[in-house]
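Encoded as C-alpha cells, the structure appears first; notes follow it.
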There are 2 protein chains.
Amino acid sequence: MSKVTASSKITVLENVLRANDQVAQINRRRLTDAGVFTVNLIGAPGCGKTTLMERTLELTSRRWRTGVIAGDLATPRDAERLGQFTSSVIQVNTGRGCHLEAPQIAAALDHLELEALDLLVIENVGNLICPVAFDLGENAKVGVFSVTEGDDKAAKHPHLVAAASLLLLNKTDLEFSVSFQFDRFMEDVRRLNASVPLMRIAARAAQLTDWIKWLEQRVHSLEKMPCG
Amino acid sequence: MSKVTASSKITVLENVLRANDQVAQINRRRLTDAGVFTVNLIGAPGCGKTTLMERTLELTSRRWRTGVIAGDLATPRDAERLGQFTSSVIQVNTGRGCHLEAPQIAAALDHLELEALDLLVIENVGNLICPVAFDLGENAKVGVFSVTEGDDKAAKHPHLVAAASLLLLNKTDLEFSVSFQFDRFMEDVRRLNASVPLMRIAARAAQLTDWIKWLEQRVHSLEKMPCG
C-alpha cells in the first residue's frame, strides 16, 4: 500500500512551487518587456472581484487598455460579464483546482496581444488561501476583502495580508447593514503588515477613486520606461 | 533539478486522499459507536458558519449536547465565540492548510467526551473548494452559501453542490440589499444535484427553523439506534 508521509508531501509541494516560480519569472519578463502592469487579484468567493473589474474597465477604457484573465473552477460567466467591456478577456476553468498557476497564465498570455495592453488583471479563483503561495508573474498581489464577510477576515488570513501590495475593503455601501467594526479590522491588518495601503471601496456603486489612482500611477510609470 | 510532472502530482494527491479516507473511516466508526451525528460544514470565508453555530447552540442546548471542531488558518476566535455556548469546542489552526483532514479530526476527537455528545459540527476552513475532497468521517456534508456572495456561486462550485447532503442559503435578511436572483441560483443547484434540500436561513436573525428540524430528525434517529 502506498504511504504518504508529511515529508514526502512537503517535498512535492516545494517542487511544485519551484516549477511554478520558474514559469512565473518567464511570464513576468514577457509582461514587463511588453510594458504591461500586472495585478493578481485575490479574494473570497463573492467578495466582488468581477464587479470591481466591470466598473474599473468602464471607468478607465478611454485612458488605457486592459486585459483580464479570469479564473474559476467552472462556467465562462466572468469572461462573459467582462467581455462587455474589453475584448481582451480569457477565462481559465481550473476544474477542481483551487488557485491559478503560472503555466496556466503562460498559456493565456499566448492568446492576448500583450503589446496592445497597458494593464492586465488576473482575477484569481475565489479563495483567500491557496492563491497566495503561487507567483503568476504579476507586479502586485491585491487582496480583496468585503464588509459582509466580517471584520475578522484579515486576522484569519495572515499570509494574504502579509503578501499583498494593496488591500481593498469592498462593499462599504453595506457597512451599516452588517456588524463590521472597521477599527478592529484595521488593527489586525496593521499587526500583520505595517505598510500595506488599505482602500475602502464600493465596487457596485463605482466608488473606486483611490483604486483607479493607484492603478493609474503604476500604468503610467511603466509607459515611461524605455523599451528593451 | 527536481521536476514535478502532472502525473506525479496526481499520484501524490491520490495517496494523500487514500491515507485520509482510511483515517476518516476510523473517525466515522468512533462517532457512530458513540451515537454522535456529525456534520461537516463547508462554506466560503464570511458566509456565516460561526454565527450559524452560535444561534444553533443557543436554540438547541436544552434538547441535545453539541460539540464543535472549528477550523481556521489562524486565531482562536471561533472557539472563543462558540465557547460561550458549549464547553465541547476545539479549535484546529491549519497554518497554511486550506482544509481540514481526517487525522486532524482524529486528534481533536481525543479531546472530546464523545459519549456525552449527540451532535458534532465540524466547521471547516472557510473555502468552497478544497474541503470537499477530504472525508473527515462525517455523516453529512452541509454546504453554506450566502446571498451577499452573489447568485452564481452554486454554478461556480459544482463539486460542493454535488457532494452536499444539505445546502443552506444564509443572510436572506440582506436579500433586498443585494442583487441576488433566487430563481437563477436554484436553477443551477437543481442542474448539479436534483435532490439536495435547500433551506433559506438568516443566522444573524436566528431564522433557522428548517435547519434545526433537519438536525433534530438526525440526532433523534441516532439516539434510537441500539448500541454496539
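Chain labels A, B, ... are given in the sequence in which chains occur in the C-alpha cells; within each chain residues are numbered consecutively from 1, and ligands are likewise numbered from 1 in the order shown.
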Please tabulate, as a tab-separated table, the residues of chain A that come within 6 Å of chain B, each with its closest pair of atoms and the distance in Å to one decimal, counting only C-alpha atoms and ordering rows by chain, then residue number upward.
residue	atom	partner	partner_atom	distance
A:Gly46	CA	B:Glu149	CA	3.7
A:Ala74	CA	B:Lys156	CA	5.1
A:Glu149	CA	B:Gly46	CA	3.7
A:Gly150	CA	B:Gly46	CA	5.9
A:Lys156	CA	B:Ala74	CA	5.1
Please extract the residues of stretch 46-87 of chain B with a backbone DSSP assignment of strand (DSSP E) and present them as a PyMOL selection string.
chain B and resi 66-72
Just asking: which residues within stretch 21-136 of chain B are helix (DSSP H, G or I) according to DSSP, as a PyMOL selection string?
chain B and resi 21-33+49-60+77-82+102-109+114-116+130-133
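Residue neighbourhood of A:Gln25, excluding near-sequence residues (fewer than 3 positions): Asn20, Asp21, Gln22, Arg28, Arg29, Arg30, Ala102, Asp135, Leu136 and Gly137 of chain A, at 9 Å, using only C-alpha atoms.
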Between atom CA of A:Val189 and atom CA of A:Val142, distance in Å (one decimal):
13.7 Å
Restricting the calculation to only C-alpha atoms, which member of B:Asn170, B:Asn27, B:Thr94, B:Thr38 is positioned closest to B:Val68?
B:Thr38
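Our summary of the geometry notes that atom CA of B:Ala79 is positioned 10.5 Å from atom CA of B:Glu54.
Excluding A:Thr56 itself and same-chain residues fewer than 3 positions from it, the residues having an atom within 9 Å of it are A:Thr51, A:Leu52, A:Met53, A:Leu59, A:Thr60, A:Ser61, A:Ala203, A:Ala206, A:Leu208, A:Trp211, A:Ile212, counting only C-alpha atoms.
Those residues that approach A:Leu117 to within 9 Å, counting only C-alpha atoms, are A:Ala34, A:Gly35, A:Val36, A:Phe37, A:Trp64, A:Arg65, A:Thr66, A:Gly67, A:Ser88; same-chain residues fewer than 6 positions away are not listed.
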Kindly save the residues from that selection, with N, CA and C atoms included, as a compact mmCIF listing (two decimals), in the first residue's frame.
# COMPACT_ATOMS: atom_id res chain seq x y z
N ALA A 34 6.68 43.89 -22.54
CA ALA A 34 5.57 44.46 -23.33
C ALA A 34 5.00 45.72 -22.68
N GLY A 35 5.55 46.10 -21.52
CA GLY A 35 5.07 47.32 -20.84
C GLY A 35 3.69 47.18 -20.22
N VAL A 36 3.40 45.98 -19.74
CA VAL A 36 2.08 45.72 -19.14
C VAL A 36 2.23 45.65 -17.61
N PHE A 37 1.47 46.48 -16.89
CA PHE A 37 1.44 46.35 -15.43
C PHE A 37 0.42 45.27 -15.07
N TRP A 64 -6.68 53.77 -20.78
CA TRP A 64 -5.72 52.71 -21.07
C TRP A 64 -6.45 51.42 -21.45
N ARG A 65 -5.67 50.50 -22.00
CA ARG A 65 -6.24 49.23 -22.47
C ARG A 65 -5.95 48.12 -21.47
N THR A 66 -6.98 47.44 -21.05
CA THR A 66 -6.86 46.42 -20.00
C THR A 66 -7.26 45.04 -20.52
N GLY A 67 -6.46 44.05 -20.17
CA GLY A 67 -6.83 42.65 -20.39
C GLY A 67 -7.15 41.99 -19.07
N SER A 88 -10.21 41.77 -24.64
CA SER A 88 -9.03 41.01 -24.18
C SER A 88 -9.35 40.31 -22.86
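As for atom CA of B:Ala107 and atom CA of A:Ile10, they are spaced 20.7 Å apart.
Distances from B:Arg62, B:Ile26, B:Gln84, B:Met199 to B:Asp118 were compared using only C-alpha atoms, and the smallest one belongs to B:Arg62.
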